[in-house]
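Colleague: Here you go, one structure.
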Amino acid sequence: MSDERMTPKKTGRRRLGIRAPLSGASIPDQPFGHPSLSHWGTQGWLERTEFSRRRLLSLGAALAITGLVSPPLLAGELSDRQRRRRQRRQARRRKKRRERPLVPRVNDAINIQPVWIFPGEEEPEEIAIIPEIVDLQMQEIYELGFKSIRLTLSFDTLGLNLLGAIPYVRVARALGIHVLGIIGEFGYGHDLARALVDPRKREIVLGGYMALYDQPISPASSHVDQSDPIAFQILNEPTNFLGIAPADYVRIFLAPTYDYFKQLRPDLPIVSAAPVGQNSGVLRARQMLEAGLENYTDIIAFHVYNRESVPGLTTLTSKPVWITESGVRGPDNHLPWVLDTFAELRNSFSTLEQIYFFQLFDLAPGRFRILDIGVREDGVITSEVESQALYDYWVQQVDTARNGVETATYKDLVPSIEPYLPTEADIDLAASLIEL
Amino acid sequence: MTHRGLRVVLLGILVLHLPGQAARADAPPIYPWPTPSIRCVLEACNNIQLVDFSLRRFDADGNVAVGTRLRLRDWGFLGVEVDRTHQTLNLTTARWGFDLRRDDRSEGLGAEYRARRLRLRSSAQRETQSANAGWLTQGELALRVSSDFELIIGALKDDRKNPLTADLERPVSTASIGGRWQPSSHFELFAQFADSTLETLSGSRLDRKTYAFDSVFLAGAWRFETGLEYQDLTGRFARREGALRLRADYRVGGHTVIHLAARKKDDVNFGAIAQEAEAGITFFARKHSYDRSGRAAQSTVALHRRAFELGLNETRGYSLEERRRLRERLALSKHRAQLAGLIDSLYRSQVADRNVPLAGFTWNQREDNLDGSRTTTIGLFWSIPWSKERSLGIDQSAVEFLRFSIASTERDISSGFRVQGKRLGLDIALNRELRIEFAWEDPIFTGLDFALDRNLADRFEVGLVYRYGI
């Protein structure tokens with residue numbers, strides 16, 4: 001990765017209202033989970049959000065002014081004719097590169113986090129998207145040949161997190177990478193859960209999700225297959241994060257959500273929430289199924305963080321299964337986990353379709369992440385591979401499948417992330433959700 | 001009040017009670033509100049005798065619950081309990097028992113018959129709001145082999161379709177056989193095997209075999225209770241589960257009892273489903289007596305065995321309520337004159353054996369791995385007994401009078417939430433039979449309460465309870 005690509009366009013970001021990372025040379029150690037991403041209380045529904053329509057609209061205005069544009073052409077350096085010729089040449093070259101085959105999708109799936117705040121920082125007032133991190137993560141996803149990504153489309157602070165996931169989803173879909181979006185909350189809040197049980201709010205919120213994330217996206221190449229729609233997973237580990245008992249999750253939260261989505265769009269894949277990936281997750285998964293889970297989901301999700309729990313999960317259902325999180329602590333253990341445990345999972349579940357490795361990047365060093373992404377004192381965002389063996393394994397898988405054929409690079413396909421950022425319409429929609 | 005605050009209050013109570021007065025010989029109890037020391041148990045003092053009355057009011061919903069039970073000469077007992085959503089009517093005679101129940105969701109009836117060796121009990125219940133009503137029927141046949149051993153056979157059949165009140169796993173049929181052995185008041189053993197078919201909410205069927213053992217035994221200053229249950233489930237959600245329950249009480253110096261208890265339910269392969277631990281200490285004004293030791297326990301066994309010799313088939317229990325039930329039922333029998341002395345002796349001995357708590361402290365912690373919650377409760381109480389000496393400490397003449405209690409509960413709902421709540425209580429025992437109870441408590445939210453944004457109000461409850469001959 002070149003430094004040039006990761007050098008932020010500082011002034012542009014500020015003027016855009018796109019959040020620039022604050023200074024800080026390193027990322028402190030953080031506990032596992034969703035560190036510092038949000039920490040709202042449990043008061044009334046949406047009452048405490050400080051993300052106002054005015055702020056959203058100011059972002060919209062800023063977005064309209066400019067974007068992360070290509071380096072400007074220097075006026076007067078070339079004649080108009082020369083400039084037009086050069087532009088045509090560049091366009092032809094770009095088109096040719098775009099039409100190269102895509103990086104083969106040989107690796108399964110991975111979790112990503114739409115990180116927008118680093119430890120120690122104050123929550124920004126405007127939209128929290130760090131374009132360099134989006135670019136960096138999506139480039140890795142594409143070039144490591146992943147078929148699918150999973151990320152939280154977090155609802156808790158609406159504008160900030162909800163819109164923050166948009167560029168990830170849209171870039172992925174433009175590249176033909178399947179997206180599993182978690183309709184959930186980062187901040188252990190209950191806003192979303194309360195919305196799901198209120199018929200009026202449910203309709204508005206879920207309709208908002210559809211409008212924001214299920215839009216058609218122009219494919220980045222003619223080779224892109226966009227036949228799979230986005231899939232929605234309804235909440236994440238509801239007992240662990242929200243204290244909702246397994247049977248209550250199924251009957252009170254999932255069932256009406258599923259029915260609503262199926263009325264709206266019958267072919268939209270709905271994935272149930274997975275319980276935690278330890279032994280207690282087996283007990284909870286069993287209760288969810290006993291409560292009728294299979295009647296309210298298209299795909300059953302489990303998490304696997306220890307191998308002892310696998311035999312307890314394999315016989316529970318004959319419906320399609322996705323392991324939406326699986327990983328192990330310690331970079332040295334990552335590759336053996338993928339080689340051995342993923343193989344065991346594929347052999348054990350007769351209906352297993354996807355395994356999502358946990359995860360590409362988070363803020364806790366030396367545990368689950370593959371990459372470390374940080375910001376230098378001068379504001380430059382840097383990345384470093386932390387789990388080298390697994391990273392090399394994935395690269396090798398791609399190289400083997402590529403078989404010497406030149407493939408389109410990420411930059412060929414996504415020369416700028418600007419088209420994938422939230423639009424004014426998105427911002428207006430998010431603002432309308434705030435006013436619920 | 002925080003847990004730390006409670007500990008400080010407890011320490012204060014201990015200091016207050018330490019220099020108690022010397023024990024005195026037993027004397028007839030004197031109550032703030034006088035009552036005859038010997039109650040009329042063999043025949044109605046009047047044609048109709050009030051034996052139970054309770055009136056409770058809950059301010060949270062304005063609900064009022066009233067319960068009353070009358071003795072109709074020597075013929076039987078007629079009881080009625082009514083509140084806003086529940087109504088119960090029951091009738092008990094020497095051989096028969098009947099009851100009718102109705103609430104806002106279901107209605108049911110039950111009947112019981114006791115012969116010399118056999119006891120037959122059956123009940124049926126159905127939901128009033130369900131489209132496919134169906135019935136839940138249960139039956140129990142108990143064969144009393146000897147005064148100390150009873151063989152119990154049970155059956156259940158549930159043909160209700162999608163009942164509104166269904167559990168996640170609902171037995172639709174059960175057959176069970178078990179036995180209760182009570183060779184003395186110091187030892188009791190219960191064992192049971194049950195074979196059930198369960199239906200889950202999703203409609204799956206499971207077969208469950210249950211092996212259960214319970215025991216209670218006393219040894220010197222110790223009292224132990226154990227329970228062991230093993231379940232083997234086959235079918236789609238096959239698994240093996242075990243539950244263990246242990247409780248040990250130890251009496252120190254006659255006036256102090258320490259107790260430790262633990263319960264654990266495990267999936268054999270995947271670990272804990274739920275677990276609970278408890279520890280506590282209680283100080284008594286009078287010399288302490290376990291329910292299965294002392295004169296009252298001996299009188300209970302003697303009365304029960306004598307009744308069996310006379311052809312009366314009764315259940316033996318050692319709590320105050322069970323002893324009263326035994327005395328009441330035997331007082332309806334045709335052999336009541338022969339049993340009068342023993343019935344009277346039992347009542348006198350349980351009054352003489354009364355325990356009068358002075359102060360106590362309890363710590364309890366429950367973890368539920370299914371809903372992810374952990375609930376910790378610290379409670380303490382402080383009593384002011386009534387005695388001739390107006391003593392606040394150790395005093396053999398003491399009877400219960402005032403009891404203040406406070407409990408503080410903390411619940412970790414999930415990774416990010418903790419809720420707290422308190423319960424305050426004041427009980428006034430005007431005499432052995434008449435009490436006034438006040439309780440005020442915060443709601444303790446569950447994760448579902450939060451998720452549904454439920455607005456749970458504080459709860460205040462006041463009750464007047466009268467129990468004749470307790």
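In the structure tokens, the first chain shown is A, the next is B, and so on; residue numbers restart at 1 for each chain, and ligands run from 1 in the order shown.
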What's around Leu339 (chain A) at 12 Å? Count only C-alpha atoms, leave out sequence neighbours fewer than 6 positions away in its own chain, and write the answer as a list in words.
Modeller: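 Skipping anything fewer than 6 positions along the chain leaves Asn107, Gly327, Asn333, Leu345, Arg346, Phe357, Ala389, Leu390, Tyr393 and Trp394 of chain A.
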Colleague: If the cut-off is 8 Å, can you tell me the residues of chain B near chain A, counting only C-alpha atoms? I'd like them as a CSV table (one decimal) with C-alpha atoms, in the first residue's frame.
Modeller:
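See out.csv below for the written result:
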chain,number,residue,atom,x,y,z
B,168,LEU,CA,-41.1,-23.3,25.9
B,169,GLU,CA,-41.4,-27.0,26.6
B,200,THR,CA,-42.0,-27.2,22.3
B,201,LEU,CA,-43.5,-23.9,21.2
B,202,SER,CA,-42.2,-24.7,17.7
B,203,GLY,CA,-44.2,-28.0,17.7
B,204,SER,CA,-41.4,-30.4,18.1
B,236,ARG,CA,-34.7,-33.1,18.0
B,237,PHE,CA,-33.4,-31.1,20.9
B,270,PHE,CA,-22.5,-27.4,27.6
B,271,GLY,CA,-22.3,-26.3,31.2
B,272,ALA,CA,-24.3,-24.2,33.5
B,273,ILE,CA,-27.9,-23.3,32.7
B,369,ASN,CA,-27.3,-18.3,31.5
B,370,LEU,CA,-30.3,-18.4,29.3
B,371,ASP,CA,-31.4,-14.8,29.8
B,372,GLY,CA,-27.8,-13.7,30.7
B,373,SER,CA,-28.8,-12.1,34.0
B,413,ILE,CA,-29.1,-7.5,32.8
B,414,SER,CA,-26.5,-7.8,30.0
B,415,SER,CA,-23.1,-6.6,29.1
B,416,GLY,CA,-24.0,-3.0,29.6
B,446,THR,CA,-35.6,-7.4,33.3
B,447,GLY,CA,-33.9,-7.0,30.0
B,448,LEU,CA,-37.3,-7.5,28.4
B,450,PHE,CA,-36.0,-2.4,29.2
B,451,ALA,CA,-36.4,-3.5,25.6
B,452,LEU,CA,-40.1,-2.9,25.7
B,453,ASP,CA,-39.7,0.3,27.6
Colleague: Identify which of the residues B:Asp368, B:Glu461, B:Asp353, B:Asp207 lies closest to Gly62 (chain B), counting only C-alpha atoms when measuring atom-to-atom distances.
Modeller: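 Comparing B:Asp368, B:Glu461, B:Asp353, B:Asp207 against Gly62 (chain B), the winner is B:Glu461.
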Colleague: Go ahead and compute the interatomic distance for CA of Asp228 (chain A) and CA of Val395 (chain A), in Å to one decimal.
Modeller: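 It comes out at 24.8 Å.
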Colleague: Report as a list in words all protein, DNA and RNA residues lying within 12 Å of Pro216 (chain A), evaluated on only C-alpha atoms, omitting residues in the same chain fewer than 2 positions from it.
Modeller: Val169, Arg170, Val171, Arg173, Ala174, Gly176, Met210, Ala211, Leu212, Tyr213, Asp214, Ser218, Pro219, Gln226, Ser227, Asp228, Pro229, Ile230 and Tyr420 of chain A
Colleague: How would the residues just chosen look if you wrote them out with C-alpha atoms as a CSV table (one decimal), in the first residue's frame?
Modeller:
chain,number,residue,atom,x,y,z
A,169,VAL,CA,-22.2,-1.3,1.8
A,170,ARG,CA,-22.3,0.6,-1.5
A,171,VAL,CA,-18.6,0.0,-2.4
A,173,ARG,CA,-22.2,-4.0,-3.7
A,174,ALA,CA,-20.6,-2.1,-6.5
A,176,GLY,CA,-20.2,-7.6,-6.2
A,210,MET,CA,-34.4,-0.6,3.1
A,211,ALA,CA,-34.2,2.9,1.5
A,212,LEU,CA,-30.6,3.5,2.7
A,213,TYR,CA,-29.1,0.1,2.0
A,214,ASP,CA,-31.2,-1.7,-0.6
A,218,SER,CA,-24.0,0.8,-10.4
A,219,PRO,CA,-21.6,-2.1,-10.8
A,226,GLN,CA,-25.1,-8.2,-8.2
A,227,SER,CA,-27.7,-10.9,-8.1
A,228,ASP,CA,-27.7,-11.4,-4.4
A,229,PRO,CA,-29.5,-8.7,-2.5
A,230,ILE,CA,-28.3,-7.3,0.8
A,420,TYR,CA,-20.5,6.0,-2.4
Colleague: So that I can check the surroundings of Tyr296 (chain A), please list as a compact mmCIF listing (two decimals) with C-alpha atoms, in the first residue's frame every protein, DNA and RNA residue that reaches within 12 Å of it, counting only C-alpha atoms and ignoring chain neighbours fewer than 5 positions away.
Modeller:
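Saved the output as around-v1.txt:
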# COMPACT_ATOMS: atom_id res chain seq x y z
CA GLN A 233 -29.50 -9.78 10.33
CA ILE A 234 -31.94 -8.78 13.04
CA TYR A 249 -36.15 -12.44 20.94
CA VAL A 250 -37.86 -14.84 18.58
CA ARG A 251 -41.47 -14.15 19.48
CA ILE A 252 -41.42 -10.46 20.33
CA PHE A 253 -38.66 -8.95 18.19
CA LEU A 254 -37.80 -11.19 15.26
CA ALA A 255 -41.26 -12.41 14.26
CA PRO A 256 -42.83 -8.99 13.51
CA THR A 257 -39.63 -7.78 11.84
CA TYR A 258 -39.52 -10.80 9.58
CA ASP A 259 -43.17 -10.47 8.69
CA TYR A 260 -42.70 -6.81 7.84
CA PHE A 261 -39.73 -7.40 5.56
CA LYS A 262 -41.42 -10.30 3.82
CA PRO A 269 -32.86 -12.71 2.95
CA ILE A 270 -33.44 -12.36 6.68
CA VAL A 271 -30.83 -13.80 9.02
CA SER A 272 -31.61 -14.41 12.65
CA ALA A 273 -29.37 -13.07 15.40
CA MET A 288 -34.52 -19.89 20.08
CA LEU A 289 -35.27 -22.88 17.89
CA ALA A 291 -39.51 -21.03 20.36
CA LYS A 319 -32.30 -24.70 7.49
CA SER B 202 -42.24 -24.71 17.67
Colleague: When you look at Ser184 (chain B) with a cut-off of 8 Å (counting only C-alpha atoms), what residues show up, excluding the ones that are within fewer than 2 positions of it in the same chain? I need them as a list in words.
Modeller: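 Counting only the stated atoms, we get Asp148, Gln182, His186, Phe187, Glu188 and Val301 of chain B.
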